[in-house]
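Here the structure comes first, spelled out in structure tokens, and everything after it is commentary.
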Amino acid sequence: MGSLSGARAELAHLQRRELQLLQELSDVRKALAAQRVALDELVEASAVPYIDRLPNELLAEIFLLIKDDRRSLVSVSRRWRTVVFDTGRMWSEFDLLYNFPTMQKLYLERSRQAPLTLTIDYVEPDLDAFLPHANRWHTLHVLGSTGMTLDIISEIILPSLRHLVIHGDGFSLDEMLTMRSWAPALKHLELIHWEPPSPRWPLCQIIPAESLEELSITSYDDWKLEKDSVHLPSLRRLTLDLRDPIPFLEAIVAPQLASFCFTPGYEGPISKTFAGTRMKFNNVSHLTLSPGRGVDEQTLGLFRLLCQVFCGIRHADILVDYVQTLFSYSGQGAIDHWTCIERLEIQNIILGSSQPFQYLTNWFEKRMRFGQRKLHLKLKGKPAWDKLVTLNTSDTLFQRLQECCASVVLDGIPLSPQFFLPTSAGSLLPISPTYTAFNV
């Protein structure tokens, strides 16, 4: 056995060694942490951004979603510049009000064989640069200088033209008698402020009725045509902004029609009956009643008639101003003609009044009492409305509405802030003040 002094000396040596090892361990850990930070910085610096990992084709599709000043993308990087210059569709849209001849020639070269979109406003249309590319015209917007434009394009054929928006400046549609010859494959036609054709020229002999899939008419004139005289075998969507749509609906035969959108025009006499069978538009599944002139008794009466004309509706978009008239919770309301309804969208909701919600809730509860299916409901707020008025989703009326629906989606409707703390029972209670939309 060693001496006591020797044992004490050995213990002191081991203690010093322990402190040295602990210090070394601490230094190693600090160095390890610093090295990890440096490694992360190197990885981050050398990593390729997610957008640069996309293939060029997908990157080009993203660029095409940018509508304003998309050509400024060429200054971001060499790769982006290459994608922009190699994508013909980036250079295929022309507005003759702003694109001067030198720019037109340059863009036409860069557009390669991409389909062209032309917009002609109130300028003298100089189409010389585009006529050699007539086979590529895909979309044409004629918002002014209509007569001069028609004089030019009526002499050529636009075999690839699919979309045409044309302003009539109050002229008769007789001015476009040759449309079928120069736009034989048209799919989408939007007529703005044209008078209906004269009786000696049936509409289906002017427009390419066989190929047309979408038709939109905005006019101050009455479009009264002979009943069942306009055959549109491929039409799937119809949009009317007229004072009275009933005469036009009586005139068309459209077995493929699936969607109808109506905006009430100026005031005047409106049809009170529909001279057609209930089965005429049985395939129409989507109806949109858009805001137009002020809500008066004539307009509401017309909407009630439209609910009967289109009795096979499955999806409806309705302005909130029409709810009180169309939704009845005591007897049969106009909406009750839609026995196949599945989805409702109520638009232009303004928080602060409980009346529309009360009518909706009572109507949905009536459906439940009669054992009808629950519907999907979407409530869409009025754009740019007061965001300080919010919806309290814990309000009893709103909760009743939720219970009656398969789902309730809120779009553009601000909600009251909710803060929760667990209670002793494990439930959640709001502890912040909330403002109900129904009591402000």
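We name chains A, B, ... following the order of the structure tokens; residues begin at 1 in each chain, and ligands are numbered from 1 as shown.
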Could you build a table of the residues in segment 91-190 of chain A lying no more than 12 Å from segment 207-226 of chain A, giving for each the nearest pair of atoms and their separation in Å rounded to one decimal place, using only C-alpha atoms, ordered by chain and ascending residue number, as CSV?
residue,atom,partner,partner_atom,distance
A:Leu161,CA,A:Ser211,CA,11.5
A:Arg162,CA,A:Leu212,CA,9.0
A:His163,CA,A:Glu214,CA,9.2
A:Leu164,CA,A:Leu215,CA,9.9
A:Val165,CA,A:Ser216,CA,9.0
A:Ile166,CA,A:Ile217,CA,10.2
A:His167,CA,A:Thr218,CA,9.4
A:Gly168,CA,A:Ser219,CA,9.4
A:Asp169,CA,A:Ser219,CA,10.1
A:Gly170,CA,A:Ser219,CA,8.4
A:Phe171,CA,A:Asp221,CA,10.7
A:Ser172,CA,A:Asp221,CA,10.2
A:Leu173,CA,A:Ile207,CA,9.5
A:Asp174,CA,A:Ile207,CA,10.5
A:Glu175,CA,A:Ile207,CA,11.5
A:Met176,CA,A:Ile207,CA,8.2
A:Leu177,CA,A:Ile207,CA,7.9
A:Thr178,CA,A:Ile207,CA,8.4
A:Met179,CA,A:Ile207,CA,6.0
A:Arg180,CA,A:Pro208,CA,4.9
A:Ser181,CA,A:Pro208,CA,8.4
A:Trp182,CA,A:Pro208,CA,9.7
A:Ala183,CA,A:Pro208,CA,7.3
A:Pro184,CA,A:Pro208,CA,6.1
A:Ala185,CA,A:Ser211,CA,5.9
A:Leu186,CA,A:Leu212,CA,5.9
A:Lys187,CA,A:Leu212,CA,4.4
A:His188,CA,A:Glu214,CA,4.6
A:Leu189,CA,A:Leu215,CA,5.0
A:Glu190,CA,A:Ser216,CA,4.5
Hey, what does DSSP flag as helix (DSSP H, G or I) within segment 217-330 of chain A? Can you give it to me as a short mmCIF file (atom, residue, chain, number, x, y, z; two decimals) with C-alpha atoms, in the first residue's frame?
data_model
loop_
_atom_site.label_atom_id
_atom_site.label_comp_id
_atom_site.auth_asym_id
_atom_site.auth_seq_id
_atom_site.Cartn_x
_atom_site.Cartn_y
_atom_site.Cartn_z
CA ILE A 246 -87.35 34.88 -72.68
CA PRO A 247 -87.90 35.56 -76.45
CA PHE A 248 -84.33 34.50 -77.22
CA LEU A 249 -84.69 31.37 -75.10
CA GLU A 250 -87.88 30.54 -76.97
CA ALA A 251 -86.04 30.97 -80.28
CA GLU A 297 -90.62 43.48 -58.84
CA GLN A 298 -90.34 42.91 -62.61
CA THR A 299 -86.81 41.54 -62.30
CA LEU A 300 -87.75 39.28 -59.41
CA GLY A 301 -90.75 38.03 -61.36
CA LEU A 302 -88.48 37.25 -64.29
CA PHE A 303 -86.12 35.32 -62.01
CA ARG A 304 -89.03 33.28 -60.70
CA LEU A 305 -89.94 32.43 -64.30
CA LEU A 306 -86.34 31.44 -65.10
CA CYS A 307 -86.35 29.06 -62.13
CA GLN A 308 -89.26 27.26 -63.80
CA VAL A 309 -87.72 27.32 -67.28
CA VAL A 320 -77.98 37.92 -52.10
CA ASP A 321 -80.59 40.57 -53.03
CA TYR A 322 -82.71 37.84 -54.63
CA VAL A 323 -82.76 35.49 -51.63
CA GLN A 324 -85.86 36.89 -49.95
CA THR A 325 -87.97 36.47 -53.10
CA LEU A 326 -86.65 33.15 -54.39
#
For the structure I just gave you, how does DSSP split segment 342-405 of chain A - specifically, which residues are strand (DSSP E or B)? Reply as a count of residues only. 14
From atom CA of Val74 of chain A to atom CA of Pro49 of chain A the spacing works out at 17.5 Å
